[in-house]
$ cat my_file-v7.txt   # compact mmCIF, N, CA and C atoms and all ligand atoms
# COMPACT_ATOMS: atom_id res chain seq x y z
N MET Z 30 0.84 -1.20 0.00
CA MET Z 30 0.00 0.00 0.00
C MET Z 30 0.88 1.26 0.00
N ALA Z 31 0.40 2.32 -0.66
CA ALA Z 31 1.17 3.56 -0.72
C ALA Z 31 0.32 4.70 -0.15
N ILE Z 32 0.97 5.84 0.11
CA ILE Z 32 0.22 7.00 0.63
C ILE Z 32 -0.74 7.49 -0.45
N LYS Z 33 -2.01 7.65 -0.04
CA LYS Z 33 -3.06 8.00 -0.99
C LYS Z 33 -3.01 9.48 -1.35
N SER Z 34 -3.24 9.78 -2.63
CA SER Z 34 -3.31 11.17 -3.08
C SER Z 34 -4.76 11.61 -3.13
N SER Z 35 -4.98 12.91 -3.32
CA SER Z 35 -6.35 13.43 -3.39
C SER Z 35 -6.54 14.23 -4.66
N ILE Z 36 -7.67 14.01 -5.33
CA ILE Z 36 -7.96 14.81 -6.54
C ILE Z 36 -8.10 16.29 -6.19
N TYR Z 37 -8.36 16.59 -4.89
CA TYR Z 37 -8.56 18.00 -4.53
C TYR Z 37 -7.24 18.78 -4.53
N ASN Z 38 -6.11 18.07 -4.60
CA ASN Z 38 -4.82 18.76 -4.77
C ASN Z 38 -4.47 18.95 -6.26
N CYS Z 39 -5.31 18.44 -7.13
CA CYS Z 39 -5.08 18.59 -8.58
C CYS Z 39 -5.89 19.80 -9.03
N VAL Z 40 -5.21 20.89 -9.25
CA VAL Z 40 -5.91 22.17 -9.47
C VAL Z 40 -5.46 22.82 -10.77
N ILE Z 41 -6.35 23.70 -11.25
CA ILE Z 41 -6.02 24.52 -12.41
C ILE Z 41 -5.14 25.67 -11.94
N ARG Z 42 -4.03 25.87 -12.61
CA ARG Z 42 -3.15 27.00 -12.28
C ARG Z 42 -3.16 27.98 -13.44
N GLU Z 43 -3.32 29.25 -13.11
CA GLU Z 43 -3.26 30.26 -14.16
C GLU Z 43 -1.80 30.53 -14.48
N LEU Z 44 -1.44 30.50 -15.73
CA LEU Z 44 -0.05 30.65 -16.16
C LEU Z 44 0.20 32.09 -16.60
N PRO Z 45 1.45 32.51 -16.58
CA PRO Z 45 1.72 33.89 -17.02
C PRO Z 45 1.34 34.07 -18.49
N LYS Z 46 0.92 35.26 -18.83
CA LYS Z 46 0.51 35.53 -20.21
C LYS Z 46 1.00 36.92 -20.58
N ILE Z 47 1.84 36.99 -21.57
CA ILE Z 47 2.35 38.28 -22.05
C ILE Z 47 1.55 38.60 -23.31
N GLU Z 48 0.71 39.61 -23.17
CA GLU Z 48 -0.22 39.88 -24.27
C GLU Z 48 0.34 40.91 -25.23
N ASN Z 49 0.03 40.70 -26.47
CA ASN Z 49 0.51 41.60 -27.51
C ASN Z 49 -0.50 41.55 -28.64
N ARG Z 50 -0.68 42.67 -29.33
CA ARG Z 50 -1.63 42.66 -30.45
C ARG Z 50 -1.21 41.65 -31.51
N ALA Z 51 0.09 41.37 -31.57
CA ALA Z 51 0.60 40.45 -32.57
C ALA Z 51 0.61 39.00 -32.08
N GLY Z 52 0.00 38.75 -30.90
CA GLY Z 52 -0.03 37.38 -30.37
C GLY Z 52 0.50 37.33 -28.95
N ASN Z 53 0.17 36.29 -28.24
CA ASN Z 53 0.52 36.18 -26.83
C ASN Z 53 1.64 35.17 -26.59
N ILE Z 54 2.29 35.29 -25.43
CA ILE Z 54 3.34 34.35 -25.04
C ILE Z 54 3.03 33.87 -23.62
N THR Z 55 3.17 32.57 -23.39
CA THR Z 55 3.12 32.03 -22.03
C THR Z 55 4.46 31.37 -21.72
N PRO Z 56 5.30 32.03 -20.91
CA PRO Z 56 6.59 31.44 -20.57
C PRO Z 56 6.48 30.56 -19.33
N LEU Z 57 7.10 29.40 -19.35
CA LEU Z 57 7.07 28.49 -18.20
C LEU Z 57 8.49 28.24 -17.76
N THR Z 58 8.77 28.51 -16.49
CA THR Z 58 10.11 28.36 -15.96
C THR Z 58 10.10 27.24 -14.93
N SER Z 59 10.96 26.25 -15.15
CA SER Z 59 11.01 25.07 -14.29
C SER Z 59 11.16 25.45 -12.83
N GLY Z 60 10.23 24.98 -11.99
CA GLY Z 60 10.32 25.21 -10.54
C GLY Z 60 9.86 26.59 -10.13
N LYS Z 61 9.55 27.47 -11.08
CA LYS Z 61 9.06 28.81 -10.73
C LYS Z 61 7.60 28.92 -11.11
N THR Z 62 7.29 28.75 -12.40
CA THR Z 62 5.87 28.74 -12.77
C THR Z 62 5.33 27.31 -12.78
N THR Z 63 6.15 26.35 -12.46
CA THR Z 63 5.65 24.97 -12.31
C THR Z 63 5.94 24.52 -10.87
N PRO Z 64 5.05 23.69 -10.28
CA PRO Z 64 5.24 23.30 -8.87
C PRO Z 64 6.27 22.19 -8.69
N PHE Z 65 7.03 21.89 -9.72
CA PHE Z 65 8.09 20.87 -9.66
C PHE Z 65 9.13 21.23 -10.71
N LEU Z 66 10.29 20.62 -10.63
CA LEU Z 66 11.30 20.84 -11.66
C LEU Z 66 10.94 20.01 -12.89
N ILE Z 67 11.00 20.61 -14.05
CA ILE Z 67 10.62 19.91 -15.29
C ILE Z 67 11.80 19.06 -15.78
N LYS Z 68 11.55 17.75 -15.94
CA LYS Z 68 12.59 16.88 -16.50
C LYS Z 68 12.28 16.47 -17.94
N ARG Z 69 10.99 16.60 -18.32
CA ARG Z 69 10.58 16.08 -19.63
C ARG Z 69 9.37 16.87 -20.13
N VAL Z 70 9.35 17.09 -21.42
CA VAL Z 70 8.21 17.75 -22.07
C VAL Z 70 7.77 16.87 -23.22
N TYR Z 71 6.47 16.63 -23.34
CA TYR Z 71 5.97 15.96 -24.54
C TYR Z 71 4.59 16.50 -24.87
N TYR Z 72 4.13 16.21 -26.07
CA TYR Z 72 2.81 16.72 -26.45
C TYR Z 72 2.06 15.70 -27.29
N LEU Z 73 0.75 15.68 -27.09
CA LEU Z 73 -0.14 14.80 -27.83
C LEU Z 73 -0.80 15.62 -28.93
N TYR Z 74 -0.84 15.08 -30.10
CA TYR Z 74 -1.44 15.80 -31.23
C TYR Z 74 -1.94 14.77 -32.24
N ASP Z 75 -2.69 15.22 -33.25
CA ASP Z 75 -3.30 14.31 -34.22
C ASP Z 75 -4.12 13.23 -33.52
N VAL Z 76 -4.83 13.64 -32.47
CA VAL Z 76 -5.64 12.67 -31.72
C VAL Z 76 -6.97 12.49 -32.47
N PRO Z 77 -7.28 11.29 -32.94
CA PRO Z 77 -8.53 11.10 -33.68
C PRO Z 77 -9.75 11.35 -32.78
N GLY Z 78 -10.82 11.92 -33.34
CA GLY Z 78 -12.04 12.17 -32.58
C GLY Z 78 -12.50 10.90 -31.88
N GLY Z 79 -12.94 11.02 -30.64
CA GLY Z 79 -13.46 9.87 -29.89
C GLY Z 79 -12.39 9.09 -29.14
N SER Z 80 -11.12 9.44 -29.35
CA SER Z 80 -10.05 8.69 -28.65
C SER Z 80 -10.01 9.02 -27.17
N VAL Z 81 -9.64 8.03 -26.39
CA VAL Z 81 -9.38 8.25 -24.96
C VAL Z 81 -7.92 7.91 -24.71
N ARG Z 82 -7.16 8.87 -24.15
CA ARG Z 82 -5.75 8.65 -23.85
C ARG Z 82 -5.60 8.53 -22.33
N GLY Z 83 -4.38 8.28 -21.90
CA GLY Z 83 -4.17 8.12 -20.47
C GLY Z 83 -4.63 6.72 -20.08
N GLY Z 84 -5.50 6.67 -19.06
CA GLY Z 84 -5.92 5.35 -18.59
C GLY Z 84 -4.80 4.72 -17.78
N HIS Z 85 -4.22 5.55 -16.88
CA HIS Z 85 -3.17 5.05 -16.01
C HIS Z 85 -2.92 6.05 -14.89
N ALA Z 86 -2.15 5.61 -13.89
CA ALA Z 86 -1.69 6.50 -12.82
C ALA Z 86 -0.17 6.42 -12.79
N HIS Z 87 0.45 7.40 -12.11
CA HIS Z 87 1.91 7.38 -11.93
C HIS Z 87 2.23 7.34 -10.45
N LYS Z 88 3.15 6.47 -10.08
CA LYS Z 88 3.53 6.35 -8.67
C LYS Z 88 4.28 7.58 -8.19
N ASN Z 89 5.13 8.16 -9.03
CA ASN Z 89 5.95 9.31 -8.62
C ASN Z 89 5.76 10.56 -9.46
N MET Z 90 5.52 10.38 -10.74
CA MET Z 90 5.55 11.54 -11.63
C MET Z 90 4.42 12.53 -11.33
N GLN Z 91 4.76 13.81 -11.33
CA GLN Z 91 3.78 14.90 -11.30
C GLN Z 91 3.78 15.52 -12.69
N GLN Z 92 2.65 16.12 -13.04
CA GLN Z 92 2.53 16.68 -14.38
C GLN Z 92 1.76 18.00 -14.35
N LEU Z 93 2.03 18.81 -15.36
CA LEU Z 93 1.19 19.96 -15.65
C LEU Z 93 0.70 19.78 -17.08
N LEU Z 94 -0.62 19.72 -17.25
CA LEU Z 94 -1.22 19.51 -18.58
C LEU Z 94 -1.77 20.83 -19.09
N ILE Z 95 -1.48 21.14 -20.33
CA ILE Z 95 -1.93 22.41 -20.92
C ILE Z 95 -2.57 22.14 -22.28
N ALA Z 96 -3.73 22.72 -22.52
CA ALA Z 96 -4.33 22.65 -23.85
C ALA Z 96 -3.66 23.75 -24.68
N ALA Z 97 -2.52 23.44 -25.28
CA ALA Z 97 -1.76 24.45 -26.04
C ALA Z 97 -2.56 24.91 -27.25
N SER Z 98 -3.45 24.04 -27.73
CA SER Z 98 -4.38 24.39 -28.79
C SER Z 98 -5.63 23.55 -28.61
N GLY Z 99 -6.80 24.10 -28.94
CA GLY Z 99 -8.05 23.34 -28.84
C GLY Z 99 -8.42 23.03 -27.41
N SER Z 100 -9.12 21.92 -27.22
CA SER Z 100 -9.64 21.58 -25.89
C SER Z 100 -9.73 20.07 -25.71
N PHE Z 101 -9.79 19.66 -24.45
CA PHE Z 101 -10.03 18.26 -24.09
C PHE Z 101 -10.43 18.23 -22.62
N ASP Z 102 -10.93 17.09 -22.19
CA ASP Z 102 -11.33 16.90 -20.79
C ASP Z 102 -10.38 15.93 -20.12
N VAL Z 103 -10.19 16.11 -18.82
CA VAL Z 103 -9.33 15.21 -18.04
C VAL Z 103 -10.15 14.66 -16.88
N LEU Z 104 -10.33 13.36 -16.86
CA LEU Z 104 -11.01 12.71 -15.75
C LEU Z 104 -9.94 12.32 -14.73
N LEU Z 105 -10.16 12.70 -13.47
CA LEU Z 105 -9.21 12.40 -12.40
C LEU Z 105 -9.89 11.54 -11.34
N ASP Z 106 -9.19 10.55 -10.84
CA ASP Z 106 -9.76 9.64 -9.83
C ASP Z 106 -8.65 9.29 -8.84
N ASP Z 107 -8.94 9.46 -7.53
CA ASP Z 107 -7.91 9.13 -6.53
C ASP Z 107 -8.21 7.80 -5.82
N GLY Z 108 -9.17 7.06 -6.37
CA GLY Z 108 -9.55 5.78 -5.77
C GLY Z 108 -10.79 5.91 -4.90
N THR Z 109 -11.13 7.17 -4.54
CA THR Z 109 -12.33 7.42 -3.74
C THR Z 109 -13.22 8.43 -4.46
N ASN Z 110 -12.61 9.54 -4.86
CA ASN Z 110 -13.36 10.60 -5.52
C ASN Z 110 -12.94 10.74 -6.98
N ARG Z 111 -13.86 11.32 -7.75
CA ARG Z 111 -13.63 11.44 -9.18
C ARG Z 111 -14.10 12.82 -9.62
N LYS Z 112 -13.38 13.47 -10.52
CA LYS Z 112 -13.86 14.73 -11.10
C LYS Z 112 -13.35 14.85 -12.53
N THR Z 113 -14.04 15.68 -13.31
CA THR Z 113 -13.59 15.92 -14.69
C THR Z 113 -13.31 17.40 -14.85
N VAL Z 114 -12.16 17.71 -15.43
CA VAL Z 114 -11.73 19.09 -15.62
C VAL Z 114 -11.62 19.33 -17.13
N SER Z 115 -12.14 20.46 -17.59
CA SER Z 115 -12.02 20.80 -19.01
C SER Z 115 -10.88 21.80 -19.19
N LEU Z 116 -10.04 21.53 -20.17
CA LEU Z 116 -8.96 22.47 -20.49
C LEU Z 116 -9.21 23.03 -21.89
N ASN Z 117 -9.24 24.35 -21.99
CA ASN Z 117 -9.55 24.95 -23.30
C ASN Z 117 -8.87 26.29 -23.53
N ARG Z 118 -7.87 26.61 -22.69
CA ARG Z 118 -7.12 27.86 -22.87
C ARG Z 118 -5.63 27.57 -22.67
N PRO Z 119 -4.76 28.15 -23.51
CA PRO Z 119 -3.32 27.84 -23.39
C PRO Z 119 -2.65 28.49 -22.18
N TYR Z 120 -3.39 29.33 -21.44
CA TYR Z 120 -2.78 29.97 -20.26
C TYR Z 120 -3.33 29.39 -18.96
N TYR Z 121 -3.90 28.17 -19.04
CA TYR Z 121 -4.26 27.43 -17.83
C TYR Z 121 -3.55 26.09 -17.86
N GLY Z 122 -3.04 25.66 -16.70
CA GLY Z 122 -2.41 24.34 -16.61
C GLY Z 122 -3.10 23.54 -15.52
N LEU Z 123 -3.31 22.25 -15.78
CA LEU Z 123 -3.88 21.38 -14.75
C LEU Z 123 -2.74 20.62 -14.09
N TYR Z 124 -2.55 20.89 -12.80
CA TYR Z 124 -1.50 20.19 -12.04
C TYR Z 124 -2.06 18.84 -11.58
N ILE Z 125 -1.36 17.77 -11.88
CA ILE Z 125 -1.76 16.43 -11.43
C ILE Z 125 -0.64 15.88 -10.56
N THR Z 126 -0.98 15.60 -9.31
CA THR Z 126 0.02 15.03 -8.39
C THR Z 126 0.28 13.57 -8.77
N SER Z 127 1.23 12.96 -8.10
CA SER Z 127 1.43 11.51 -8.28
C SER Z 127 0.22 10.79 -7.67
N GLY Z 128 0.04 9.54 -8.03
CA GLY Z 128 -0.99 8.70 -7.39
C GLY Z 128 -2.41 8.99 -7.83
N ILE Z 129 -2.58 9.56 -9.02
CA ILE Z 129 -3.92 9.90 -9.52
C ILE Z 129 -4.18 9.17 -10.84
N TRP Z 130 -5.30 8.50 -10.91
CA TRP Z 130 -5.72 7.88 -12.17
C TRP Z 130 -6.26 8.97 -13.09
N ARG Z 131 -5.85 8.97 -14.36
CA ARG Z 131 -6.34 10.00 -15.29
C ARG Z 131 -6.69 9.39 -16.65
N GLU Z 132 -7.73 9.99 -17.24
CA GLU Z 132 -8.10 9.68 -18.63
C GLU Z 132 -8.32 10.99 -19.35
N LEU Z 133 -7.84 11.08 -20.58
CA LEU Z 133 -7.99 12.29 -21.39
C LEU Z 133 -8.96 11.97 -22.52
N LEU Z 134 -9.99 12.80 -22.67
CA LEU Z 134 -11.02 12.48 -23.65
C LEU Z 134 -11.65 13.75 -24.21
N ASN Z 135 -12.54 13.57 -25.15
CA ASN Z 135 -13.25 14.68 -25.81
C ASN Z 135 -12.28 15.69 -26.43
N PHE Z 136 -11.26 15.19 -27.10
CA PHE Z 136 -10.31 16.08 -27.78
C PHE Z 136 -11.01 16.78 -28.94
N SER Z 137 -10.85 18.10 -29.02
CA SER Z 137 -11.38 18.82 -30.18
C SER Z 137 -10.45 18.55 -31.36
N SER Z 138 -10.95 18.85 -32.54
CA SER Z 138 -10.13 18.66 -33.74
C SER Z 138 -8.90 19.58 -33.66
N GLY Z 139 -7.73 19.06 -33.90
CA GLY Z 139 -6.50 19.86 -33.88
C GLY Z 139 -5.97 20.15 -32.48
N ALA Z 140 -6.55 19.53 -31.45
CA ALA Z 140 -6.10 19.82 -30.07
C ALA Z 140 -4.65 19.37 -29.87
N ILE Z 141 -3.94 20.16 -29.07
CA ILE Z 141 -2.58 19.79 -28.67
C ILE Z 141 -2.53 19.81 -27.14
N CYS Z 142 -2.17 18.66 -26.55
CA CYS Z 142 -2.02 18.56 -25.10
C CYS Z 142 -0.53 18.58 -24.78
N LEU Z 143 -0.09 19.69 -24.20
CA LEU Z 143 1.30 19.85 -23.81
C LEU Z 143 1.47 19.33 -22.39
N VAL Z 144 2.45 18.47 -22.18
CA VAL Z 144 2.65 17.87 -20.85
C VAL Z 144 4.05 18.22 -20.34
N LEU Z 145 4.10 18.82 -19.15
CA LEU Z 145 5.37 19.06 -18.47
C LEU Z 145 5.45 18.02 -17.37
N ALA Z 146 6.52 17.27 -17.32
CA ALA Z 146 6.59 16.14 -16.39
C ALA Z 146 7.79 16.29 -15.46
N SER Z 147 7.62 15.78 -14.24
CA SER Z 147 8.66 15.93 -13.21
C SER Z 147 9.72 14.83 -13.29
N THR Z 148 9.50 13.81 -14.12
CA THR Z 148 10.47 12.70 -14.19
C THR Z 148 10.75 12.32 -15.64
N TYR Z 149 11.85 11.62 -15.83
CA TYR Z 149 12.13 11.02 -17.13
C TYR Z 149 11.15 9.87 -17.35
N TYR Z 150 11.01 9.45 -18.59
CA TYR Z 150 10.11 8.33 -18.89
C TYR Z 150 10.60 7.06 -18.19
N ASP Z 151 9.66 6.39 -17.49
CA ASP Z 151 10.00 5.16 -16.77
C ASP Z 151 8.75 4.30 -16.69
N GLU Z 152 8.71 3.25 -17.48
CA GLU Z 152 7.50 2.42 -17.54
C GLU Z 152 7.14 1.86 -16.16
N SER Z 153 8.12 1.64 -15.29
CA SER Z 153 7.81 1.06 -13.98
C SER Z 153 7.09 2.06 -13.06
N ASP Z 154 7.02 3.33 -13.49
CA ASP Z 154 6.29 4.34 -12.72
C ASP Z 154 4.78 4.31 -13.02
N TYR Z 155 4.40 3.58 -14.09
CA TYR Z 155 2.98 3.54 -14.49
C TYR Z 155 2.22 2.46 -13.73
N ILE Z 156 0.95 2.74 -13.39
CA ILE Z 156 -0.01 1.68 -13.03
C ILE Z 156 -1.07 1.74 -14.12
N ARG Z 157 -1.15 0.69 -14.93
CA ARG Z 157 -1.99 0.75 -16.12
C ARG Z 157 -3.33 0.02 -15.96
N SER Z 158 -3.56 -0.55 -14.78
CA SER Z 158 -4.86 -1.21 -14.56
C SER Z 158 -5.57 -0.51 -13.40
N PHE Z 159 -6.84 -0.17 -13.62
CA PHE Z 159 -7.59 0.55 -12.59
C PHE Z 159 -7.74 -0.30 -11.33
N GLU Z 160 -7.92 -1.62 -11.52
CA GLU Z 160 -8.04 -2.52 -10.37
C GLU Z 160 -6.76 -2.51 -9.54
N GLU Z 161 -5.63 -2.58 -10.25
CA GLU Z 161 -4.33 -2.56 -9.57
C GLU Z 161 -4.14 -1.22 -8.84
N PHE Z 162 -4.57 -0.12 -9.50
CA PHE Z 162 -4.48 1.22 -8.90
C PHE Z 162 -5.26 1.26 -7.58
N LYS Z 163 -6.49 0.73 -7.61
CA LYS Z 163 -7.34 0.75 -6.40
C LYS Z 163 -6.69 -0.06 -5.28
N LYS Z 164 -6.11 -1.21 -5.65
CA LYS Z 164 -5.46 -2.05 -4.64
C LYS Z 164 -4.23 -1.37 -4.07
N PHE Z 165 -3.47 -0.69 -4.94
CA PHE Z 165 -2.21 -0.06 -4.55
C PHE Z 165 -2.44 1.04 -3.52
N TYR Z 166 -3.56 1.78 -3.68
CA TYR Z 166 -3.76 2.96 -2.83
C TYR Z 166 -4.84 2.78 -1.77
N ASN Z 167 -5.51 1.62 -1.71
CA ASN Z 167 -6.58 1.47 -0.71
C ASN Z 167 -6.28 0.41 0.31
P1 LIG Z 201 1.37 6.73 -22.64
O1 LIG Z 201 2.00 7.52 -21.56
O2 LIG Z 201 0.68 5.46 -22.26
O3 LIG Z 201 0.36 7.64 -23.47
P2 LIG Z 201 -1.03 8.34 -23.06
O4 LIG Z 201 -1.06 8.48 -21.58
O5 LIG Z 201 -1.00 9.65 -23.76
O6 LIG Z 201 -2.14 7.51 -23.59
O7 LIG Z 201 2.49 6.43 -23.74
C1 LIG Z 201 2.17 5.81 -24.97
C2 LIG Z 201 3.41 5.11 -25.47
O8 LIG Z 201 4.47 6.03 -25.68
C3 LIG Z 201 3.92 4.05 -24.49
O9 LIG Z 201 4.34 2.91 -25.24
C4 LIG Z 201 5.15 4.68 -23.85
C5 LIG Z 201 5.62 5.66 -24.91
N1 LIG Z 201 6.22 6.86 -24.32
C6 LIG Z 201 7.61 7.00 -24.32
O10 LIG Z 201 8.36 6.15 -24.83
N2 LIG Z 201 8.16 8.13 -23.77
C7 LIG Z 201 7.39 9.09 -23.19
O11 LIG Z 201 7.93 10.10 -22.67
C8 LIG Z 201 5.96 8.92 -23.18
C9 LIG Z 201 5.05 9.95 -22.57
C10 LIG Z 201 5.42 7.79 -23.76
$ encode --input "my_file-v7.txt" --output "structure tokens"
Amino acid sequence: MAIKSSIYNCVIRELPKIENRAGNITPLTSGKTTPFLIKRVYYLYDVPGGSVRGGHAHKNMQQLLIAASGSFDVLLDDGTNRKTVSLNRPYYGLYITSGIWRELLNFSSGAICLVLASTYYDESDYIRSFEEFKKFYN
């Protein structure tokens, strides 16, 4: 058994936005505008309509998810409570602590999900079965 996380610690954070008539900039500085040091950045794109991504939890990794373009929904589950958060602006980030089950769904056409991650890729950090997740944290 591991220490249980709470979906109530997974919050939307407003990101800095430098506005200009010629377009806006959102700068992200590791450990300053993010609640952890960034070790990895990746992005999801060309997601076919109706696809569901995620479907796993991370034992250690924390993430900040940003709808860099378009929109999508994030379902969060801590083994007891569940909530769905919609992301649809590039200047909002959803902070997801470790120990949270997540599914990404309802991607709009052309959506880009930018992910800032606190760890390098490590398959052993994933829990890919919801049953296993429930057992691990309950
Ligand atoms: P996964 O994290 O399961 O994708 P999602 O949560 O978006 O559905 O990753 C899908 C595949 O890509 C899986 O085989 C692992 C691989 N992958 C890497 O090799 N490196 C990475 O940094 C990431 C995020 C995934």
$ atom_distance --input "my_file-v7.txt" --atom1 "CA of Glu152 (chain Z)" --atom2 "atom C7 of ligand LIG 201 (chain Z)"
8.7 Å
$ closest_atom_pairs --input "my_file-v7.txt" --of "chain Z" --to "ligand LIG 201 (chain Z)" --cutoff "6 Å" --atoms "only C-alpha atoms and all ligand atoms" --output "Markdown table"
| residue | atom | partner | partner_atom | distance |
| --- | --- | --- | --- | --- |
| Z:Arg82 | CA | Z:LIG201 | O6 | 3.8 |
| Z:Gly83 | CA | Z:LIG201 | O4 | 3.3 |
| Z:Tyr150 | CA | Z:LIG201 | O11 | 4.7 |
$ atom_distance --input "my_file-v7.txt" --atom1 "atom C of Tyr74 (chain Z)" --atom2 "atom N of Ala96 (chain Z)"
12.7 Å
$ residues_around --input "my_file-v7.txt" --residues "Ser34 (chain Z)" --least-positions-apart "6" --cutoff "8 Å" --atoms "only C-alpha atoms" --output "list in words"
Asp107, Thr126, Ser127, Gly128 and Ile129 of chain Z
$ closest_residue --input "my_file-v7.txt" --among "Z:Phe159, Z:Tyr124, Z:Ser100, Z:Gly108" --to "Ala140 (chain Z)" --atoms "only C-alpha atoms"
Z:Ser100
$ residues_around --input "my_file-v7.txt" --residues "region 84-87 of chain Z" --least-positions-apart "2" --cutoff "6.5 Å" --atoms "all atoms listed in the file" --output "PyMOL selection string"
chain Z and resi 81-82+89-90+127-133+154-158
$ write_last_selection --input "my_file-v7.txt" --atoms "N, CA and C atoms" --output "PDB file, in the coordinates of the input"
ATOM      1  N   VAL Z  81      -9.640   8.030 -26.390  1.00  0.00           N
ATOM      2  CA  VAL Z  81      -9.380   8.250 -24.960  1.00  0.00           C
ATOM      3  C   VAL Z  81      -7.920   7.910 -24.710  1.00  0.00           C
ATOM      4  N   ARG Z  82      -7.160   8.870 -24.150  1.00  0.00           N
ATOM      5  CA  ARG Z  82      -5.750   8.650 -23.850  1.00  0.00           C
ATOM      6  C   ARG Z  82      -5.600   8.530 -22.330  1.00  0.00           C
ATOM      7  N   ASN Z  89       5.130   8.160  -9.030  1.00  0.00           N
ATOM      8  CA  ASN Z  89       5.950   9.310  -8.620  1.00  0.00           C
ATOM      9  C   ASN Z  89       5.760  10.560  -9.460  1.00  0.00           C
ATOM     10  N   MET Z  90       5.520  10.380 -10.740  1.00  0.00           N
ATOM     11  CA  MET Z  90       5.550  11.540 -11.630  1.00  0.00           C
ATOM     12  C   MET Z  90       4.420  12.530 -11.330  1.00  0.00           C
ATOM     13  N   SER Z 127       1.230  12.960  -8.100  1.00  0.00           N
ATOM     14  CA  SER Z 127       1.430  11.510  -8.280  1.00  0.00           C
ATOM     15  C   SER Z 127       0.220  10.790  -7.670  1.00  0.00           C
ATOM     16  N   GLY Z 128       0.040   9.540  -8.030  1.00  0.00           N
ATOM     17  CA  GLY Z 128      -0.990   8.700  -7.390  1.00  0.00           C
ATOM     18  C   GLY Z 128      -2.410   8.990  -7.830  1.00  0.00           C
ATOM     19  N   ILE Z 129      -2.580   9.560  -9.020  1.00  0.00           N
ATOM     20  CA  ILE Z 129      -3.920   9.900  -9.520  1.00  0.00           C
ATOM     21  C   ILE Z 129      -4.180   9.170 -10.840  1.00  0.00           C
ATOM     22  N   TRP Z 130      -5.300   8.500 -10.910  1.00  0.00           N
ATOM     23  CA  TRP Z 130      -5.720   7.880 -12.170  1.00  0.00           C
ATOM     24  C   TRP Z 130      -6.260   8.970 -13.090  1.00  0.00           C
ATOM     25  N   ARG Z 131      -5.850   8.970 -14.360  1.00  0.00           N
ATOM     26  CA  ARG Z 131      -6.340  10.000 -15.290  1.00  0.00           C
ATOM     27  C   ARG Z 131      -6.690   9.390 -16.650  1.00  0.00           C
ATOM     28  N   GLU Z 132      -7.730   9.990 -17.240  1.00  0.00           N
ATOM     29  CA  GLU Z 132      -8.100   9.680 -18.630  1.00  0.00           C
ATOM     30  C   GLU Z 132      -8.320  10.990 -19.350  1.00  0.00           C
ATOM     31  N   LEU Z 133      -7.840  11.080 -20.580  1.00  0.00           N
ATOM     32  CA  LEU Z 133      -7.990  12.290 -21.390  1.00  0.00           C
ATOM     33  C   LEU Z 133      -8.960  11.970 -22.520  1.00  0.00           C
ATOM     34  N   ASP Z 154       7.020   3.330 -13.490  1.00  0.00           N
ATOM     35  CA  ASP Z 154       6.290   4.340 -12.720  1.00  0.00           C
ATOM     36  C   ASP Z 154       4.780   4.310 -13.020  1.00  0.00           C
ATOM     37  N   TYR Z 155       4.400   3.580 -14.090  1.00  0.00           N
ATOM     38  CA  TYR Z 155       2.980   3.540 -14.490  1.00  0.00           C
ATOM     39  C   TYR Z 155       2.220   2.460 -13.730  1.00  0.00           C
ATOM     40  N   ILE Z 156       0.950   2.740 -13.390  1.00  0.00           N
ATOM     41  CA  ILE Z 156      -0.010   1.680 -13.030  1.00  0.00           C
ATOM     42  C   ILE Z 156      -1.070   1.740 -14.120  1.00  0.00           C
ATOM     43  N   ARG Z 157      -1.150   0.690 -14.930  1.00  0.00           N
ATOM     44  CA  ARG Z 157      -1.990   0.750 -16.120  1.00  0.00           C
ATOM     45  C   ARG Z 157      -3.330   0.020 -15.960  1.00  0.00           C
ATOM     46  N   SER Z 158      -3.560  -0.550 -14.780  1.00  0.00           N
ATOM     47  CA  SER Z 158      -4.860  -1.210 -14.560  1.00  0.00           C
ATOM     48  C   SER Z 158      -5.570  -0.510 -13.400  1.00  0.00           C
TER      49      SER Z 158
END
$ select_by_dssp --input "my_file-v7.txt" --residues "region 37-88 of chain Z" --states "strand (DSSP E)" --output "PyMOL selection string"
chain Z and resi 41-43+69-73+82-87
$ write_last_selection --input "my_file-v7.txt" --atoms "N, CA and C atoms" --output "compact mmCIF listing (two decimals), in the coordinates of the input"
# COMPACT_ATOMS: atom_id res chain seq x y z
N ILE Z 41 -6.35 23.70 -11.25
CA ILE Z 41 -6.02 24.52 -12.41
C ILE Z 41 -5.14 25.67 -11.94
N ARG Z 42 -4.03 25.87 -12.61
CA ARG Z 42 -3.15 27.00 -12.28
C ARG Z 42 -3.16 27.98 -13.44
N GLU Z 43 -3.32 29.25 -13.11
CA GLU Z 43 -3.26 30.26 -14.16
C GLU Z 43 -1.80 30.53 -14.48
N ARG Z 69 10.99 16.60 -18.32
CA ARG Z 69 10.58 16.08 -19.63
C ARG Z 69 9.37 16.87 -20.13
N VAL Z 70 9.35 17.09 -21.42
CA VAL Z 70 8.21 17.75 -22.07
C VAL Z 70 7.77 16.87 -23.22
N TYR Z 71 6.47 16.63 -23.34
CA TYR Z 71 5.97 15.96 -24.54
C TYR Z 71 4.59 16.50 -24.87
N TYR Z 72 4.13 16.21 -26.07
CA TYR Z 72 2.81 16.72 -26.45
C TYR Z 72 2.06 15.70 -27.29
N LEU Z 73 0.75 15.68 -27.09
CA LEU Z 73 -0.14 14.80 -27.83
C LEU Z 73 -0.80 15.62 -28.93
N ARG Z 82 -7.16 8.87 -24.15
CA ARG Z 82 -5.75 8.65 -23.85
C ARG Z 82 -5.60 8.53 -22.33
N GLY Z 83 -4.38 8.28 -21.90
CA GLY Z 83 -4.17 8.12 -20.47
C GLY Z 83 -4.63 6.72 -20.08
N GLY Z 84 -5.50 6.67 -19.06
CA GLY Z 84 -5.92 5.35 -18.59
C GLY Z 84 -4.80 4.72 -17.78
N HIS Z 85 -4.22 5.55 -16.88
CA HIS Z 85 -3.17 5.05 -16.01
C HIS Z 85 -2.92 6.05 -14.89
N ALA Z 86 -2.15 5.61 -13.89
CA ALA Z 86 -1.69 6.50 -12.82
C ALA Z 86 -0.17 6.42 -12.79
N HIS Z 87 0.45 7.40 -12.11
CA HIS Z 87 1.91 7.38 -11.93
C HIS Z 87 2.23 7.34 -10.45
